[in-house]
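This is run-v9.cif (mmCIF, N, CA and C atoms).
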```
data_input
loop_
_atom_site.label_atom_id
_atom_site.label_comp_id
_atom_site.auth_asym_id
_atom_site.auth_seq_id
_atom_site.Cartn_x
_atom_site.Cartn_y
_atom_site.Cartn_z
N MET A 1 -127.41 -10.68 48.02
CA MET A 1 -127.00 -9.48 47.31
C MET A 1 -128.20 -8.64 46.89
N ASP A 2 -129.35 -9.27 46.67
CA ASP A 2 -130.52 -8.51 46.25
C ASP A 2 -130.98 -7.53 47.32
N GLY A 3 -130.89 -7.93 48.59
CA GLY A 3 -131.26 -7.03 49.68
C GLY A 3 -130.37 -5.80 49.69
N TYR A 4 -129.09 -5.99 49.41
CA TYR A 4 -128.14 -4.86 49.35
C TYR A 4 -128.53 -3.88 48.26
N VAL A 5 -128.92 -4.40 47.10
CA VAL A 5 -129.29 -3.53 45.98
C VAL A 5 -130.56 -2.75 46.29
N VAL A 6 -131.52 -3.38 46.92
CA VAL A 6 -132.77 -2.70 47.29
C VAL A 6 -132.47 -1.57 48.28
N ILE A 7 -131.65 -1.87 49.29
CA ILE A 7 -131.28 -0.85 50.27
C ILE A 7 -130.53 0.29 49.58
N ALA A 8 -129.62 -0.05 48.69
CA ALA A 8 -128.84 0.98 47.98
C ALA A 8 -129.75 1.86 47.13
N LYS A 9 -130.75 1.28 46.51
CA LYS A 9 -131.69 2.08 45.71
C LYS A 9 -132.42 3.09 46.59
N TYR A 10 -132.93 2.63 47.72
CA TYR A 10 -133.66 3.54 48.61
C TYR A 10 -132.74 4.61 49.19
N LEU A 11 -131.53 4.22 49.56
CA LEU A 11 -130.59 5.20 50.10
C LEU A 11 -130.19 6.23 49.05
N THR A 12 -130.06 5.79 47.82
CA THR A 12 -129.73 6.71 46.73
C THR A 12 -130.85 7.73 46.54
N ILE A 13 -132.07 7.26 46.50
CA ILE A 13 -133.22 8.16 46.34
C ILE A 13 -133.29 9.12 47.53
N TYR A 14 -133.09 8.59 48.73
CA TYR A 14 -133.12 9.41 49.94
C TYR A 14 -132.02 10.48 49.89
N ALA A 15 -130.81 10.10 49.49
CA ALA A 15 -129.70 11.04 49.42
C ALA A 15 -129.96 12.12 48.37
N GLU A 16 -130.50 11.74 47.24
CA GLU A 16 -130.79 12.73 46.19
C GLU A 16 -131.90 13.69 46.63
N LEU A 17 -132.90 13.19 47.33
CA LEU A 17 -133.96 14.06 47.84
C LEU A 17 -133.40 15.02 48.90
N GLY A 18 -132.51 14.51 49.74
CA GLY A 18 -131.86 15.36 50.73
C GLY A 18 -131.01 16.43 50.06
N ALA A 19 -130.28 16.05 49.03
CA ALA A 19 -129.47 17.01 48.28
C ALA A 19 -130.35 18.05 47.60
N LEU A 20 -131.50 17.62 47.11
CA LEU A 20 -132.44 18.55 46.49
C LEU A 20 -132.97 19.55 47.52
N ALA A 21 -133.23 19.09 48.73
CA ALA A 21 -133.69 19.98 49.79
C ALA A 21 -132.61 21.00 50.15
N VAL A 22 -131.37 20.54 50.27
CA VAL A 22 -130.25 21.44 50.56
C VAL A 22 -130.08 22.45 49.42
N LEU A 23 -130.19 21.99 48.20
CA LEU A 23 -130.10 22.88 47.05
C LEU A 23 -131.20 23.94 47.10
N GLY A 24 -132.40 23.54 47.46
CA GLY A 24 -133.50 24.50 47.59
C GLY A 24 -133.21 25.55 48.65
N LEU A 25 -132.65 25.13 49.78
CA LEU A 25 -132.28 26.08 50.83
C LEU A 25 -131.19 27.04 50.35
N GLN A 26 -130.23 26.51 49.63
CA GLN A 26 -129.15 27.35 49.11
C GLN A 26 -129.69 28.37 48.10
N VAL A 27 -130.57 27.94 47.23
CA VAL A 27 -131.14 28.85 46.24
C VAL A 27 -131.96 29.94 46.93
N ALA A 28 -132.75 29.56 47.91
CA ALA A 28 -133.55 30.55 48.65
C ALA A 28 -132.64 31.55 49.36
N ALA A 29 -131.59 31.06 49.98
CA ALA A 29 -130.65 31.95 50.67
C ALA A 29 -129.94 32.86 49.66
N TYR A 30 -129.58 32.32 48.51
CA TYR A 30 -128.91 33.15 47.50
C TYR A 30 -129.85 34.24 46.99
N ARG A 31 -131.10 33.89 46.75
CA ARG A 31 -132.06 34.89 46.27
C ARG A 31 -132.23 36.02 47.28
N HIS A 32 -132.17 35.66 48.56
CA HIS A 32 -132.37 36.67 49.62
C HIS A 32 -131.11 37.51 49.84
N HIS A 33 -129.94 36.86 49.88
CA HIS A 33 -128.72 37.55 50.28
C HIS A 33 -127.79 37.90 49.12
N ARG A 34 -127.89 37.18 48.01
CA ARG A 34 -127.01 37.41 46.85
C ARG A 34 -125.53 37.32 47.21
N HIS A 35 -125.20 36.42 48.13
CA HIS A 35 -123.81 36.26 48.54
C HIS A 35 -123.11 35.26 47.61
N PRO A 36 -121.92 35.61 47.09
CA PRO A 36 -121.23 34.74 46.13
C PRO A 36 -120.95 33.34 46.66
N SER A 37 -120.69 33.20 47.95
CA SER A 37 -120.40 31.87 48.50
C SER A 37 -121.58 30.93 48.31
N LEU A 38 -122.78 31.46 48.38
CA LEU A 38 -123.97 30.62 48.19
C LEU A 38 -124.08 30.15 46.74
N LEU A 39 -123.69 31.00 45.81
CA LEU A 39 -123.70 30.59 44.40
C LEU A 39 -122.68 29.48 44.17
N VAL A 40 -121.53 29.59 44.78
CA VAL A 40 -120.51 28.55 44.68
C VAL A 40 -121.05 27.24 45.26
N LEU A 41 -121.73 27.32 46.38
CA LEU A 41 -122.30 26.12 46.99
C LEU A 41 -123.41 25.53 46.13
N ILE A 42 -124.19 26.36 45.47
CA ILE A 42 -125.23 25.87 44.56
C ILE A 42 -124.59 25.08 43.42
N ILE A 43 -123.53 25.63 42.85
CA ILE A 43 -122.84 24.95 41.75
C ILE A 43 -122.30 23.60 42.22
N SER A 44 -121.68 23.57 43.41
CA SER A 44 -121.15 22.30 43.91
C SER A 44 -122.26 21.30 44.19
N SER A 45 -123.40 21.78 44.66
CA SER A 45 -124.52 20.88 44.93
C SER A 45 -125.07 20.26 43.64
N VAL A 46 -125.17 21.07 42.60
CA VAL A 46 -125.67 20.55 41.32
C VAL A 46 -124.72 19.49 40.78
N ILE A 47 -123.42 19.78 40.82
CA ILE A 47 -122.44 18.79 40.34
C ILE A 47 -122.47 17.55 41.22
N GLY A 48 -122.60 17.74 42.54
CA GLY A 48 -122.67 16.61 43.45
C GLY A 48 -123.91 15.74 43.21
N MET A 49 -125.03 16.38 42.90
CA MET A 49 -126.23 15.61 42.59
C MET A 49 -126.07 14.84 41.29
N ALA A 50 -125.39 15.44 40.33
CA ALA A 50 -125.13 14.72 39.07
C ALA A 50 -124.23 13.51 39.34
N TYR A 51 -123.23 13.71 40.20
CA TYR A 51 -122.37 12.58 40.58
C TYR A 51 -123.21 11.49 41.24
N GLY A 52 -124.06 11.86 42.19
CA GLY A 52 -124.88 10.87 42.88
C GLY A 52 -125.78 10.10 41.93
N ALA A 53 -126.35 10.81 40.97
CA ALA A 53 -127.22 10.15 40.00
C ALA A 53 -126.41 9.19 39.12
N LEU A 54 -125.25 9.64 38.67
CA LEU A 54 -124.42 8.79 37.82
C LEU A 54 -123.91 7.58 38.58
N ALA A 55 -123.40 7.80 39.78
CA ALA A 55 -122.83 6.70 40.56
C ALA A 55 -123.88 5.68 40.98
N SER A 56 -125.13 6.08 41.03
CA SER A 56 -126.18 5.14 41.44
C SER A 56 -126.76 4.34 40.28
N LEU A 57 -126.40 4.67 39.06
CA LEU A 57 -126.95 3.96 37.91
C LEU A 57 -126.79 2.43 37.98
N PRO A 58 -125.66 1.91 38.46
CA PRO A 58 -125.54 0.44 38.52
C PRO A 58 -126.59 -0.23 39.41
N TYR A 59 -127.17 0.50 40.34
CA TYR A 59 -128.21 -0.09 41.18
C TYR A 59 -129.56 -0.14 40.47
N PHE A 60 -129.72 0.66 39.45
CA PHE A 60 -131.00 0.72 38.74
C PHE A 60 -130.96 0.05 37.38
N MET A 61 -129.78 -0.05 36.78
CA MET A 61 -129.65 -0.67 35.45
C MET A 61 -128.45 -1.61 35.45
N THR A 62 -128.56 -2.65 34.69
CA THR A 62 -127.43 -3.57 34.56
C THR A 62 -126.81 -3.40 33.18
N HIS A 63 -125.53 -3.11 33.20
CA HIS A 63 -124.76 -2.96 31.97
C HIS A 63 -123.30 -3.19 32.33
N PRO A 64 -122.57 -3.90 31.49
CA PRO A 64 -121.16 -4.17 31.81
C PRO A 64 -120.31 -2.90 31.93
N TRP A 65 -120.71 -1.84 31.25
CA TRP A 65 -119.92 -0.61 31.29
C TRP A 65 -119.83 -0.05 32.71
N PHE A 66 -120.87 -0.29 33.52
CA PHE A 66 -120.89 0.21 34.89
C PHE A 66 -119.83 -0.46 35.77
N GLN A 67 -119.27 -1.57 35.32
CA GLN A 67 -118.27 -2.28 36.10
C GLN A 67 -116.85 -1.91 35.71
N GLY A 68 -116.70 -1.05 34.71
CA GLY A 68 -115.36 -0.78 34.19
C GLY A 68 -114.75 0.52 34.69
N THR A 69 -113.49 0.68 34.32
CA THR A 69 -112.73 1.87 34.69
C THR A 69 -113.30 3.14 34.09
N PRO A 70 -113.76 3.15 32.84
CA PRO A 70 -114.31 4.40 32.30
C PRO A 70 -115.47 4.95 33.12
N PHE A 71 -116.31 4.06 33.63
CA PHE A 71 -117.43 4.51 34.47
C PHE A 71 -116.91 5.12 35.77
N ALA A 72 -115.94 4.46 36.38
CA ALA A 72 -115.36 4.98 37.62
C ALA A 72 -114.70 6.33 37.37
N LEU A 73 -114.05 6.51 36.23
CA LEU A 73 -113.42 7.79 35.90
C LEU A 73 -114.48 8.87 35.65
N ALA A 74 -115.58 8.48 35.04
CA ALA A 74 -116.67 9.45 34.82
C ALA A 74 -117.24 9.91 36.16
N CYS A 75 -117.39 8.99 37.10
CA CYS A 75 -117.87 9.36 38.43
C CYS A 75 -116.87 10.27 39.13
N ALA A 76 -115.59 9.93 39.01
CA ALA A 76 -114.55 10.75 39.64
C ALA A 76 -114.49 12.15 39.01
N ALA A 77 -114.80 12.22 37.72
CA ALA A 77 -114.80 13.52 37.03
C ALA A 77 -115.88 14.45 37.57
N LEU A 78 -116.90 13.91 38.18
CA LEU A 78 -117.93 14.73 38.81
C LEU A 78 -117.69 14.90 40.31
N ALA A 79 -117.26 13.84 40.98
CA ALA A 79 -117.07 13.90 42.42
C ALA A 79 -115.94 14.84 42.82
N THR A 80 -114.86 14.83 42.06
CA THR A 80 -113.69 15.65 42.42
C THR A 80 -113.99 17.14 42.38
N PRO A 81 -114.53 17.69 41.29
CA PRO A 81 -114.83 19.12 41.32
C PRO A 81 -115.95 19.48 42.30
N ALA A 82 -116.92 18.60 42.48
CA ALA A 82 -117.99 18.89 43.43
C ALA A 82 -117.42 19.07 44.83
N THR A 83 -116.49 18.20 45.20
CA THR A 83 -115.88 18.29 46.52
C THR A 83 -115.03 19.55 46.64
N ALA A 84 -114.19 19.80 45.65
CA ALA A 84 -113.30 20.97 45.70
C ALA A 84 -114.10 22.28 45.72
N ILE A 85 -115.12 22.37 44.89
CA ILE A 85 -115.93 23.59 44.83
C ILE A 85 -116.71 23.78 46.13
N SER A 86 -117.19 22.69 46.72
CA SER A 86 -117.92 22.83 47.98
C SER A 86 -117.01 23.30 49.10
N ILE A 87 -115.77 22.85 49.12
CA ILE A 87 -114.81 23.32 50.13
C ILE A 87 -114.57 24.81 49.98
N VAL A 88 -114.41 25.26 48.73
CA VAL A 88 -114.21 26.69 48.48
C VAL A 88 -115.44 27.48 48.92
N GLY A 89 -116.63 26.99 48.59
CA GLY A 89 -117.87 27.68 48.97
C GLY A 89 -118.03 27.81 50.47
N VAL A 90 -117.74 26.74 51.20
CA VAL A 90 -117.86 26.78 52.66
C VAL A 90 -116.81 27.71 53.24
N ALA A 91 -115.60 27.67 52.70
CA ALA A 91 -114.55 28.58 53.18
C ALA A 91 -114.95 30.04 52.97
N LEU A 92 -115.52 30.35 51.81
CA LEU A 92 -115.98 31.72 51.55
C LEU A 92 -117.10 32.12 52.51
N LEU A 93 -118.01 31.21 52.76
CA LEU A 93 -119.12 31.49 53.67
C LEU A 93 -118.61 31.73 55.09
N PHE A 94 -117.69 30.89 55.55
CA PHE A 94 -117.12 31.07 56.89
C PHE A 94 -116.33 32.37 57.00
N ARG A 95 -115.59 32.72 55.95
CA ARG A 95 -114.83 33.97 55.97
C ARG A 95 -115.78 35.16 56.06
N SER A 96 -116.86 35.12 55.31
CA SER A 96 -117.85 36.19 55.35
C SER A 96 -118.48 36.29 56.74
N TYR A 97 -118.80 35.15 57.32
CA TYR A 97 -119.38 35.15 58.67
C TYR A 97 -118.38 35.73 59.67
N ARG A 98 -117.11 35.36 59.56
CA ARG A 98 -116.08 35.87 60.47
C ARG A 98 -115.98 37.39 60.35
N GLN A 99 -116.04 37.90 59.12
CA GLN A 99 -115.99 39.35 58.92
C GLN A 99 -117.20 40.03 59.56
N LEU A 100 -118.34 39.42 59.45
CA LEU A 100 -119.55 39.96 60.06
C LEU A 100 -119.43 40.00 61.58
N VAL A 101 -118.94 38.92 62.17
CA VAL A 101 -118.77 38.86 63.62
C VAL A 101 -117.75 39.89 64.07
N ASP A 102 -116.63 39.99 63.35
CA ASP A 102 -115.60 40.98 63.72
C ASP A 102 -116.13 42.40 63.61
N GLY A 103 -116.88 42.69 62.56
CA GLY A 103 -117.47 44.02 62.38
C GLY A 103 -118.45 44.35 63.49
N ASN A 104 -119.24 43.35 63.90
CA ASN A 104 -120.19 43.55 64.99
C ASN A 104 -119.46 43.82 66.30
N ALA A 105 -118.39 43.09 66.56
CA ALA A 105 -117.62 43.29 67.79
C ALA A 105 -117.00 44.69 67.81
N LYS A 106 -116.49 45.14 66.68
CA LYS A 106 -115.90 46.48 66.60
C LYS A 106 -116.97 47.55 66.82
N ALA A 107 -118.14 47.34 66.25
CA ALA A 107 -119.23 48.31 66.42
C ALA A 107 -119.68 48.37 67.88
N GLN A 108 -119.79 47.21 68.52
CA GLN A 108 -120.18 47.18 69.94
C GLN A 108 -119.14 47.87 70.81
N ALA A 109 -117.87 47.66 70.50
CA ALA A 109 -116.80 48.32 71.26
C ALA A 109 -116.86 49.83 71.07
N ARG A 110 -117.12 50.26 69.85
CA ARG A 110 -117.22 51.70 69.56
C ARG A 110 -118.42 52.31 70.29
N ILE A 111 -119.55 51.61 70.32
CA ILE A 111 -120.73 52.09 71.03
C ILE A 111 -120.41 52.24 72.52
N ARG A 112 -119.77 51.23 73.10
CA ARG A 112 -119.41 51.31 74.53
C ARG A 112 -118.47 52.49 74.79
N GLU A 113 -117.53 52.70 73.87
CA GLU A 113 -116.60 53.82 74.02
C GLU A 113 -117.33 55.15 73.97
N LEU A 114 -118.24 55.31 73.02
CA LEU A 114 -118.99 56.56 72.91
C LEU A 114 -119.91 56.76 74.10
N GLU A 115 -120.54 55.69 74.58
CA GLU A 115 -121.41 55.80 75.74
C GLU A 115 -120.63 56.19 76.99
N SER A 116 -119.40 55.74 77.08
CA SER A 116 -118.60 56.09 78.26
C SER A 116 -118.25 57.57 78.30
N ARG A 117 -118.30 58.23 77.18
CA ARG A 117 -118.00 59.67 77.09
C ARG A 117 -119.22 60.54 77.39
N LEU A 118 -120.39 59.95 77.48
CA LEU A 118 -121.60 60.74 77.73
C LEU A 118 -121.54 61.36 79.13
N PRO A 119 -122.08 62.57 79.27
CA PRO A 119 -122.05 63.22 80.58
C PRO A 119 -123.02 62.57 81.58
N CYS A 120 -123.93 61.78 81.09
CA CYS A 120 -124.88 61.11 81.96
C CYS A 120 -124.97 59.64 81.53
N PRO A 121 -125.60 58.80 82.35
CA PRO A 121 -125.71 57.38 81.95
C PRO A 121 -126.49 57.24 80.64
N ALA A 122 -126.09 56.27 79.84
CA ALA A 122 -126.76 56.01 78.58
C ALA A 122 -128.15 55.46 78.82
N LEU A 123 -129.05 55.77 77.92
CA LEU A 123 -130.41 55.22 78.01
C LEU A 123 -130.35 53.74 77.70
N PRO A 124 -131.23 52.96 78.31
CA PRO A 124 -131.25 51.53 77.98
C PRO A 124 -131.63 51.33 76.53
N ALA A 125 -130.93 50.45 75.88
CA ALA A 125 -131.20 50.18 74.47
C ALA A 125 -132.34 49.17 74.36
N SER A 126 -133.28 49.45 73.50
CA SER A 126 -134.36 48.51 73.24
C SER A 126 -134.15 47.96 71.84
N HIS A 127 -133.76 46.70 71.80
CA HIS A 127 -133.49 46.06 70.52
C HIS A 127 -134.56 45.04 70.18
N GLY A 128 -135.71 45.16 70.80
CA GLY A 128 -136.80 44.24 70.49
C GLY A 128 -136.55 42.84 71.02
N THR A 129 -135.74 42.72 72.09
CA THR A 129 -135.46 41.39 72.61
C THR A 129 -136.61 40.85 73.44
N ASP A 130 -137.46 41.74 73.94
CA ASP A 130 -138.59 41.30 74.73
C ASP A 130 -139.86 41.56 73.94
N ALA A 131 -140.61 40.53 73.69
CA ALA A 131 -141.83 40.66 72.87
C ALA A 131 -142.81 41.64 73.51
N ARG A 132 -142.81 41.73 74.84
CA ARG A 132 -143.73 42.66 75.50
C ARG A 132 -143.38 44.11 75.16
N ASP A 133 -142.09 44.41 75.00
CA ASP A 133 -141.67 45.77 74.63
C ASP A 133 -142.19 46.14 73.25
N ASP A 134 -142.13 45.18 72.33
CA ASP A 134 -142.57 45.44 70.96
C ASP A 134 -144.08 45.63 70.88
N ALA A 135 -144.81 44.92 71.73
CA ALA A 135 -146.27 44.96 71.67
C ALA A 135 -146.87 46.11 72.49
N TYR A 136 -146.08 46.76 73.31
CA TYR A 136 -146.58 47.79 74.21
C TYR A 136 -146.87 49.08 73.45
N THR A 137 -148.03 49.63 73.67
CA THR A 137 -148.38 50.94 73.14
C THR A 137 -149.06 51.73 74.25
N PRO A 138 -149.08 53.07 74.16
CA PRO A 138 -149.75 53.84 75.20
C PRO A 138 -151.21 53.47 75.38
N LEU A 139 -151.85 52.91 74.37
CA LEU A 139 -153.26 52.52 74.50
C LEU A 139 -153.41 51.37 75.50
N ASP A 140 -152.34 50.63 75.75
CA ASP A 140 -152.41 49.51 76.68
C ASP A 140 -152.58 49.97 78.13
N LYS A 141 -152.35 51.26 78.41
CA LYS A 141 -152.44 51.77 79.78
C LYS A 141 -153.88 51.93 80.25
N ARG A 142 -154.85 51.94 79.34
CA ARG A 142 -156.23 52.16 79.72
C ARG A 142 -156.76 51.17 80.68
#
```
What would you get if you wrote out this structure as structure tokens?
Amino acid sequence: MDGYVVIAKYLTIYAELGALAVLGLQVAAYRHHRHPSLLVLIISSVIGMAYGALASLPYFMTHPWFQGTPFALACAALATPATAISIVGVALLFRSYRQLVDGNAKAQARIRELESRLPCPALPASHGTDARDDAYTPLDKR
């Protein structure tokens, strides 16, 4: 049983560090984009990390309370909202992404429609897809 506890301790630390990294990515994305779904995901991550820390206490400390129903209920009181809030956050993020994709498709269709009305062929669009196009300047002709 001691080997199990040692493994559980390391896995707990690893999971909390991973959650901290994900939280850092979410915070950075929220600072950049200010999208509400990211804030919801940050909240769920913080609650989830609290759940992970609480649920791992029996591996680090021995106390009879950790074996009882009140402890399990305390863990459930954190795990349940963390899960529900994370589902809402991901759903909001996916909905936002779907709206972005749909808007892009509509814009592309409108551009094609307008280009088809031109009296001459449309000029090739340069969207910076080729690094050589971005780096080219008339001075390069020398």
Using the chain letters and numbers from this file, what does the PyMOL selection byres (((chain A and resi 61-77 and name CA) around 12) and name CA) select? Give the answer as a PyMOL selection string.
chain A and resi 5+9+47-60+78-84
Picked from chain A by DSSP as alpha helix (DSSP H), as an NGL selection string
:A and (2-33 or 36-60 or 69-116 or 131-135)
So what do you get for CA of Leu100 in chain A versus CA of Ile43 in chain A, distance-wise?
23.9 Å
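Across the structure, atom C of Val40 in chain A and atom N of Gly89 in chain A are spaced 5.5 Å apart.
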Counting only C-alpha atoms, write as an MDAnalysis selection string all protein and nucleic acid residues lying at most 10 Å from (-120.3, 33.9, 47.0) in the file's frame.
chainID A and resid 30 33:42 88:93 96
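Relative to CA of Val46 in chain A, CA of Leu23 in chain A is found at 7.6 Å.
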